[in-house]
Structure formats: C-alpha cells, structure tokens
Amino acid sequence: MSAIIDKPFTLAGRTYESRLLVGTGKYKDLEETRLAIEASGAEIVTVAVRRTNIGQNPGEPNLLDVISPDKYTILPNTAGCYDATEAVRTCRLARELLDGHKLVKLEVLADQKTLFPNVIETLKAAEVLVKEGFDVMVYTSDDPIIARELAAMGCIAVMPLAGLIGTGLGICNPYNLRIILEEATVPVLVDAGVGTASDATIAMELGCEAVLMNSAIAHAQDPILMGAAMKHAIIAGRMAYLAGRMPKKLYASASSPLDGLIK
C-alpha cells in the first residue's frame with residue numbers, strides 16, 4: 001500500500017472528497033441534469049445566476065428542486081456578465097437568494113465571440129467582492145502574473161482556462177499552467193476547455209487541485225455516462241500526479257531485468 005497521503009481539497013474552510021466541479025447548463029432537461037451530476041460524483045455545482053432560476057423567478061422550474069443545497073455546495077457564478085458592476089450585482093443577488101451564501105465564482109467576459117475573460121474588469125470586481133466578504137473563486141486567463149495578483153488580492157482559488165469556454169479543445173497551454181501551479185498560494189482549478197476524460201486527467205496530472213466543466217458532460221452523446229467517465233478521470237489523474245510519472249527517454253529501455261539471462 002502506498003505511503004503517500006493526499007492533502008484534502010479544501011475551499012472556504014470546507015473539505016470535499018470529489019475534485020470535480022460541474023455546471024448545470026446545456027442539458028436537455030432538469031432530470032438529465034440531475035442524473036449526469038449524480039453520475040459525476042461532484043459535490044460542488046455551479047449555477048449561472050443570470051440564466052438559471054434558483055428562486056428569483058417564482059412559478060418557474062427551480063434548479064434547486066433537483067440540485068438540493070442540502071446535498072451539494074451551490075456555487076453561483078456570474079456567467080453572462082461583461083463588466084465589474086454587473087458581476088458584483090449578480091453576486092449580491094446570489095447571496096440574497098441563497099440566504100447569505102458567500103462562495104461565488106467570478107467570471108467577467110470580454111466578448112461573446114471568444115468568452116475570454118476581461119482581466120481588467122475581473123480585477124475590479126474581485127477587489128470589491130473580497131472587501132465585501134465574499135469567498136471568490138475567479139475565472140481568469142492563463143497568465144501567471146494575473147493569477148498571482150488575484151491570489152494576493154484575497155481570492156480563495158484561481159481558475160485559469162485550459163481552452164476557450166465550450167470549445168472542448170483541451171489543455172492548450174500546459175506550460176503557463178505549470179508556472180501558475182508552481183507559484184500558487186491558493187488552489188488552482190482548470191476552468192473551461194475540457195472536452196473529454198483525457199483532458200481532465202492531464203489537468204490533474206499537472207497538479208491542479210480540481211477541474212470545473214460543463215459542456216464536456218452536457219454536450220456528450222450520453223451525458224450521464226460522460227459524467228461517470230469524468231469522475232474516474234479526475235481520480236486517475238490525481239493518483240498519477242501523486243505517484244510521479246517515469247522520466248521520458250529518447251531511446252528504448254528494456255522493461256525486464258537483464259541480470260540472470262539464460263546464455
């Protein structure tokens with residue numbers, strides 16, 4: 001049995017077994033949402049407050065009826081916000097709807113074509129939210145300097161993109177992620193770009209604390225099966241990271257010992 005003991009995955013003082021965070025958009029209905037999330041084993045579920053009813057629209061189907069806050073940590077996010085003012089307002093609304101809930105995912109986008117983060121507006125919003133007592137997990141570019149600034153500002157986790165939101169392109173720049181991870185003082189989670197299980201595994205093998213995804217599961221031909229696949233991919237990637245991979249070599253090396261060969 002391995003003597004390596006993994007450190008717990010902790011956010012805002014709470015420890016989680018699963019290192020997979022999932023979104024709730026793009027499914028065909030609430031029942032598929034429920035089943036896919038259950039299959040994923042995720043304990044943290046992110047919700048776009050501007051696009052999903054969590055109580056602000058009485059009389060409409062409420063996501064919280066199938067994704068209960070008693071079972072999951074609800075992570076409200078500011079998807080669809082394009083400036084700091086909108087993002088801060090959305091977080092305040094989420095806090096009201098969720099009875100003082102402080103954990104939020106900050107996401108301020110630059111434009112609809114790329115959905116790339118607007119770093120300037122993100123920094124503005126993060127500063128306000130941290131001062132107001134929010135526990136801010138922040139979607140950002142894969143720029144190590146910006147990641148460092150957000151952590152220094154008081155964000156509890158930085159979430160650099162692996163690829164553009166919804167593209168499924170995988171880890172486009174592992175080298176920047178490695179620099180961010182090397183300098184990290186808070187948890188680093190890959191957010192956006194994951195397309196399949198191998199992408200999630202690579203993110204974990206790099207040393208990320210966790211991975212957040214939505215489209216990779218919701219847009220799969222079988223979202224429920226993909227949710228289960230992602231659960232195992234995250235576990236395998238974390239175990240491989242802890243185990244430490246073999247060195248890469250240019251030439252072959254016999255896998256069996258040479259001593260004792262019959263001559």
# chains A, B, ... in the order shown; residues from 1 in each chain; ligands from 1

call {"tool": "residues_around", "arguments": {"residues": "region 20-25 of chain A", "least_positions_apart": "3", "cutoff": "6 Å", "atoms": "only C-alpha atoms", "output": "list of chain:residue names"}}
result
A:Ala42, A:Ile44, A:Val45, A:Thr46, A:Ala210, A:Val211, A:Leu212, A:Met213, A:Asn214

call {"tool": "write_last_selection", "arguments": {"atoms": "all heavy atoms", "output": "short mmCIF file (atom, residue, chain, number, x, y, z; two decimals), in the first residue's frame"}}
result
data_model
loop_
_atom_site.label_atom_id
_atom_site.label_comp_id
_atom_site.auth_asym_id
_atom_site.auth_seq_id
_atom_site.Cartn_x
_atom_site.Cartn_y
_atom_site.Cartn_z
N ALA A 42 -19.73 14.75 -8.33
CA ALA A 42 -19.38 16.11 -7.92
C ALA A 42 -20.14 16.51 -6.66
O ALA A 42 -21.29 16.12 -6.47
CB ALA A 42 -19.65 17.10 -9.05
N ILE A 44 -19.68 19.99 -5.68
CA ILE A 44 -19.85 21.43 -5.91
C ILE A 44 -20.45 21.62 -7.29
O ILE A 44 -19.92 21.12 -8.29
CB ILE A 44 -18.50 22.17 -5.82
CG1 ILE A 44 -17.85 21.93 -4.45
CG2 ILE A 44 -18.70 23.67 -6.06
CD1 ILE A 44 -16.46 22.53 -4.32
N VAL A 45 -21.55 22.34 -7.34
CA VAL A 45 -22.30 22.54 -8.59
C VAL A 45 -22.43 24.03 -8.84
O VAL A 45 -22.94 24.77 -8.00
CB VAL A 45 -23.68 21.88 -8.51
CG1 VAL A 45 -24.47 22.13 -9.79
CG2 VAL A 45 -23.55 20.38 -8.24
N THR A 46 -21.96 24.48 -10.00
CA THR A 46 -22.00 25.90 -10.29
C THR A 46 -23.24 26.26 -11.11
O THR A 46 -23.68 25.49 -11.97
CB THR A 46 -20.71 26.37 -11.00
OG1 THR A 46 -20.72 27.79 -11.10
CG2 THR A 46 -20.57 25.75 -12.38
N ALA A 210 -8.28 20.74 -8.80
CA ALA A 210 -9.58 20.25 -9.25
C ALA A 210 -9.83 20.77 -10.66
O ALA A 210 -9.05 21.57 -11.20
CB ALA A 210 -10.69 20.70 -8.30
N VAL A 211 -10.94 20.32 -11.25
CA VAL A 211 -11.33 20.76 -12.59
C VAL A 211 -12.82 21.08 -12.57
O VAL A 211 -13.62 20.34 -11.99
CB VAL A 211 -11.07 19.66 -13.64
CG1 VAL A 211 -11.54 20.09 -15.02
CG2 VAL A 211 -9.58 19.31 -13.69
N LEU A 212 -13.17 22.19 -13.21
CA LEU A 212 -14.58 22.55 -13.39
C LEU A 212 -14.94 22.41 -14.86
O LEU A 212 -14.19 22.84 -15.74
CB LEU A 212 -14.84 23.99 -12.91
CG LEU A 212 -16.31 24.41 -12.88
CD1 LEU A 212 -16.53 25.44 -11.77
CD2 LEU A 212 -16.79 24.99 -14.20
N MET A 213 -16.10 21.80 -15.12
CA MET A 213 -16.54 21.62 -16.51
C MET A 213 -18.06 21.62 -16.58
O MET A 213 -18.75 21.35 -15.60
CB MET A 213 -15.99 20.32 -17.06
CG MET A 213 -16.54 19.08 -16.39
SD MET A 213 -15.82 17.54 -17.02
CE MET A 213 -14.18 17.61 -16.30
N ASN A 214 -18.56 21.90 -17.78
CA ASN A 214 -19.98 21.82 -18.05
C ASN A 214 -20.23 21.18 -19.42
O ASN A 214 -20.77 20.10 -19.55
CB ASN A 214 -20.63 23.19 -17.96
CG ASN A 214 -22.15 23.16 -18.10
OD1 ASN A 214 -22.79 24.20 -18.12
ND2 ASN A 214 -22.76 22.01 -18.22
#

call {"tool": "residues_around", "arguments": {"residues": "Ser40 (chain A)", "least_positions_apart": "4", "cutoff": "10 Å", "atoms": "only C-alpha atoms", "output": "short mmCIF file (atom, residue, chain, number, x, y, z; two decimals) with N, CA and C atoms, in the first residue's frame"}}
result
data_model
loop_
_atom_site.label_atom_id
_atom_site.label_comp_id
_atom_site.auth_asym_id
_atom_site.auth_seq_id
_atom_site.Cartn_x
_atom_site.Cartn_y
_atom_site.Cartn_z
N SER A 18 -14.65 14.91 -3.69
CA SER A 18 -14.52 14.99 -5.15
C SER A 18 -13.74 16.23 -5.56
N LEU A 20 -13.95 17.19 -8.74
CA LEU A 20 -14.66 17.55 -9.97
C LEU A 20 -15.80 18.49 -9.62
N LEU A 21 -15.81 19.66 -10.25
CA LEU A 21 -16.89 20.62 -10.11
C LEU A 21 -17.62 20.67 -11.44
N VAL A 22 -18.95 20.72 -11.41
CA VAL A 22 -19.70 20.67 -12.65
C VAL A 22 -20.72 21.80 -12.73
N LEU A 35 -29.29 13.52 -13.18
CA LEU A 35 -28.67 12.21 -13.35
C LEU A 35 -27.18 12.33 -13.71
N ALA A 36 -26.86 13.29 -14.59
CA ALA A 36 -25.46 13.45 -15.00
C ALA A 36 -24.60 13.92 -13.83
N ILE A 217 -19.58 17.44 -20.41
CA ILE A 217 -20.56 16.45 -19.97
C ILE A 217 -21.90 16.68 -20.67
N PRO A 223 -24.63 12.13 -21.75
CA PRO A 223 -24.11 12.95 -20.65
C PRO A 223 -23.95 12.19 -19.33
N ILE A 224 -24.83 11.26 -19.09
CA ILE A 224 -24.75 10.52 -17.83
C ILE A 224 -23.50 9.64 -17.80
N LEU A 225 -23.25 8.94 -18.91
CA LEU A 225 -22.06 8.11 -19.00
C LEU A 225 -20.79 8.97 -18.96
N MET A 226 -20.83 10.13 -19.61
CA MET A 226 -19.65 11.01 -19.59
C MET A 226 -19.42 11.57 -18.19
N GLY A 227 -20.48 11.84 -17.47
CA GLY A 227 -20.31 12.28 -16.09
C GLY A 227 -19.56 11.25 -15.27
N ALA A 228 -19.91 9.98 -15.45
CA ALA A 228 -19.20 8.91 -14.74
C ALA A 228 -17.75 8.81 -15.21
N ALA A 229 -17.53 8.98 -16.52
CA ALA A 229 -16.17 8.92 -17.06
C ALA A 229 -15.30 10.01 -16.45
N MET A 230 -15.86 11.21 -16.32
CA MET A 230 -15.10 12.33 -15.75
C MET A 230 -14.77 12.08 -14.28
N LYS A 231 -15.66 11.45 -13.57
CA LYS A 231 -15.39 11.10 -12.17
C LYS A 231 -14.11 10.27 -12.07
N HIS A 232 -14.02 9.24 -12.90
CA HIS A 232 -12.86 8.35 -12.85
C HIS A 232 -11.61 9.01 -13.42
N ILE A 234 -10.76 12.17 -13.17
CA ILE A 234 -10.22 13.05 -12.13
C ILE A 234 -9.46 12.23 -11.09
#

call {"tool": "closest_residue", "arguments": {"among": "A:Thr201, A:Asp99, A:Leu250, A:Leu63", "to": "Tyr27 (chain A)", "atoms": "only C-alpha atoms"}}
result
A:Leu63

call {"tool": "residues_around", "arguments": {"residues": "Glu17 (chain A)", "least_positions_apart": "4", "cutoff": "9 Å", "atoms": "only C-alpha atoms", "output": "ChimeraX atom specification"}}
result
/A:8-9,42-43

call {"tool": "write_last_selection", "arguments": {"atoms": "N, CA and C atoms", "output": "short mmCIF file (atom, residue, chain, number, x, y, z; two decimals), in the first residue's frame"}}
result
data_model
loop_
_atom_site.label_atom_id
_atom_site.label_comp_id
_atom_site.auth_asym_id
_atom_site.auth_seq_id
_atom_site.Cartn_x
_atom_site.Cartn_y
_atom_site.Cartn_z
N PRO A 8 -6.16 17.14 1.68
CA PRO A 8 -7.57 17.32 1.33
C PRO A 8 -7.78 18.50 0.40
N PHE A 9 -8.84 18.42 -0.37
CA PHE A 9 -9.25 19.51 -1.23
C PHE A 9 -10.20 20.40 -0.43
N ALA A 42 -19.73 14.75 -8.33
CA ALA A 42 -19.38 16.11 -7.92
C ALA A 42 -20.14 16.51 -6.66
N GLU A 43 -19.49 17.31 -5.84
CA GLU A 43 -20.13 17.84 -4.64
C GLU A 43 -20.36 19.35 -4.74
#

call {"tool": "residues_around", "arguments": {"residues": "Asp65 (chain A)", "least_positions_apart": "6", "cutoff": "12 Å", "atoms": "only C-alpha atoms", "output": "list in words"}}
result
Leu30, Glu31, Thr33, Arg34, Asn53, Ile54, Gly55, Lys71 and Tyr72 of chain A

call {"tool": "closest_residue", "arguments": {"among": "A:Arg238, A:Arg95, A:Lys124, A:Arg19", "to": "Val49 (chain A)", "atoms": "only C-alpha atoms"}}
result
A:Arg95

call {"tool": "select_by_dssp", "arguments": {"residues": "region 31-219 of chain A", "states": "strand (DSSP E)", "output": "PyMOL selection string"}}
result
chain A and resi 44-48+73-77+103-106+135-140+157-160+189-191+210-213

call {"tool": "residues_around", "arguments": {"residues": "Arg50 (chain A)", "least_positions_apart": "2", "cutoff": "9 Å", "atoms": "only C-alpha atoms", "output": "PyMOL selection string"}}
result
chain A and resi 47-48+52-53+77-81+90

call {"tool": "write_last_selection", "arguments": {"atoms": "N, CA, C and O atoms", "output": "PDB file, in the first residue's frame"}}
result
ATOM      1  N   VAL A  47     -23.798  27.423 -10.811  1.00  0.00           N
ATOM      2  CA  VAL A  47     -25.067  27.858 -11.383  1.00  0.00           C
ATOM      3  C   VAL A  47     -24.936  29.276 -11.905  1.00  0.00           C
ATOM      4  O   VAL A  47     -24.484  30.170 -11.173  1.00  0.00           O
ATOM      5  N   ALA A  48     -25.312  29.483 -13.171  1.00  0.00           N
ATOM      6  CA  ALA A  48     -25.301  30.830 -13.746  1.00  0.00           C
ATOM      7  C   ALA A  48     -26.549  31.578 -13.276  1.00  0.00           C
ATOM      8  O   ALA A  48     -27.655  31.304 -13.741  1.00  0.00           O
ATOM      9  N   THR A  52     -30.269  30.977 -14.904  1.00  0.00           N
ATOM     10  CA  THR A  52     -30.912  29.832 -14.273  1.00  0.00           C
ATOM     11  C   THR A  52     -31.757  30.300 -13.098  1.00  0.00           C
ATOM     12  O   THR A  52     -31.305  31.125 -12.302  1.00  0.00           O
ATOM     13  N   ASN A  53     -32.946  29.746 -12.980  1.00  0.00           N
ATOM     14  CA  ASN A  53     -33.820  30.117 -11.877  1.00  0.00           C
ATOM     15  C   ASN A  53     -33.459  29.346 -10.615  1.00  0.00           C
ATOM     16  O   ASN A  53     -33.535  28.124 -10.571  1.00  0.00           O
ATOM     17  N   ASN A  77     -22.417  31.597 -10.153  1.00  0.00           N
ATOM     18  CA  ASN A  77     -21.408  32.250 -10.974  1.00  0.00           C
ATOM     19  C   ASN A  77     -21.996  33.429 -11.729  1.00  0.00           C
ATOM     20  O   ASN A  77     -23.218  33.589 -11.823  1.00  0.00           O
ATOM     21  N   THR A  78     -21.121  34.249 -12.281  1.00  0.00           N
ATOM     22  CA  THR A  78     -21.535  35.492 -12.938  1.00  0.00           C
ATOM     23  C   THR A  78     -21.440  35.373 -14.454  1.00  0.00           C
ATOM     24  O   THR A  78     -21.187  36.361 -15.143  1.00  0.00           O
ATOM     25  N   ALA A  79     -21.630  34.166 -14.995  1.00  0.00           N
ATOM     26  CA  ALA A  79     -21.618  33.983 -16.442  1.00  0.00           C
ATOM     27  C   ALA A  79     -22.611  34.927 -17.101  1.00  0.00           C
ATOM     28  O   ALA A  79     -23.722  35.124 -16.613  1.00  0.00           O
ATOM     29  N   GLY A  80     -22.198  35.520 -18.214  1.00  0.00           N
ATOM     30  CA  GLY A  80     -23.050  36.480 -18.908  1.00  0.00           C
ATOM     31  C   GLY A  80     -22.792  37.915 -18.510  1.00  0.00           C
ATOM     32  O   GLY A  80     -23.400  38.833 -19.068  1.00  0.00           O
ATOM     33  N   CYS A  81     -21.874  38.140 -17.563  1.00  0.00           N
ATOM     34  CA  CYS A  81     -21.530  39.499 -17.151  1.00  0.00           C
ATOM     35  C   CYS A  81     -20.313  39.978 -17.947  1.00  0.00           C
ATOM     36  O   CYS A  81     -19.348  39.240 -18.124  1.00  0.00           O
ATOM     37  N   THR A  90     -24.607  40.696  -9.518  1.00  0.00           N
ATOM     38  CA  THR A  90     -25.060  39.311  -9.616  1.00  0.00           C
ATOM     39  C   THR A  90     -24.664  38.512  -8.385  1.00  0.00           C
ATOM     40  O   THR A  90     -25.446  37.703  -7.868  1.00  0.00           O
TER      41      THR A  90
END

call {"tool": "closest_residue", "arguments": {"among": "A:Thr15, A:Ser215, A:Gln56, A:Ile156", "to": "Asp135 (chain A)", "atoms": "only C-alpha atoms"}}
result
A:Ile156

call {"tool": "atom_distance", "arguments": {"atom1": "CA of Arg148 (chain A)", "atom2": "CA of Thr196 (chain A)"}}
result
28.4 Å

call {"tool": "select_by_dssp", "arguments": {"residues": "region 23-207 of chain A", "states": "alpha helix (DSSP H)", "output": "ChimeraX atom specification"}}
result
/A:30-40,84-97,119-131,144-153,174-183,197-206

call {"tool": "residues_around", "arguments": {"residues": "Ala152 (chain A)", "least_positions_apart": "5", "cutoff": "10 Å", "atoms": "only C-alpha atoms", "output": "PDB file with N, CA and C atoms, in the first residue's frame"}}
result
ATOM      1  N   ILE A 146      -1.331  37.569 -13.668  1.00  0.00           N
ATOM      2  CA  ILE A 146      -2.696  37.887 -13.246  1.00  0.00           C
ATOM      3  C   ILE A 146      -3.153  36.908 -12.170  1.00  0.00           C
ATOM      4  N   ALA A 147      -2.822  35.634 -12.336  1.00  0.00           N
ATOM      5  CA  ALA A 147      -3.183  34.642 -11.321  1.00  0.00           C
ATOM      6  C   ALA A 147      -2.564  35.003  -9.972  1.00  0.00           C
ATOM      7  N   THR A 185      -0.387  30.063  -4.347  1.00  0.00           N
ATOM      8  CA  THR A 185      -0.575  30.155  -2.902  1.00  0.00           C
ATOM      9  C   THR A 185      -2.006  29.814  -2.507  1.00  0.00           C
ATOM     10  N   VAL A 186      -2.861  29.620  -3.513  1.00  0.00           N
ATOM     11  CA  VAL A 186      -4.249  29.199  -3.311  1.00  0.00           C
ATOM     12  C   VAL A 186      -4.527  28.065  -4.299  1.00  0.00           C
TER      13      VAL A 186
END

call {"tool": "residues_around", "arguments": {"residues": "Met239 (chain A)", "least_positions_apart": "4", "cutoff": "10 Å", "atoms": "only C-alpha atoms", "output": "ChimeraX atom specification"}}
result
/A:4,6,201,204-205,233-235,243-244

call {"tool": "atom_distance", "arguments": {"atom1": "CA of Ile202 (chain A)", "atom2": "CA of Asn118 (chain A)"}}
result
26.0 Å

call {"tool": "closest_residue", "arguments": {"among": "A:Ala39, A:Cys208, A:Ala87, A:Leu98", "to": "Asp70 (chain A)", "atoms": "only C-alpha atoms"}}
result
A:Leu98

call {"tool": "closest_residue", "arguments": {"among": "A:Gly59, A:Gly133, A:Gly170, A:Pro187", "to": "Ala157 (chain A)", "atoms": "only C-alpha atoms"}}
result
A:Pro187

call {"tool": "closest_residue", "arguments": {"among": "A:Lys113, A:Lys7, A:Arg245, A:Lys26", "to": "His219 (chain A)", "atoms": "only C-alpha atoms"}}
result
A:Lys26

call {"tool": "atom_distance", "arguments": {"atom1": "CA of Tyr16 (chain A)", "atom2": "CA of Ala3 (chain A)"}}
result
21.2 Å
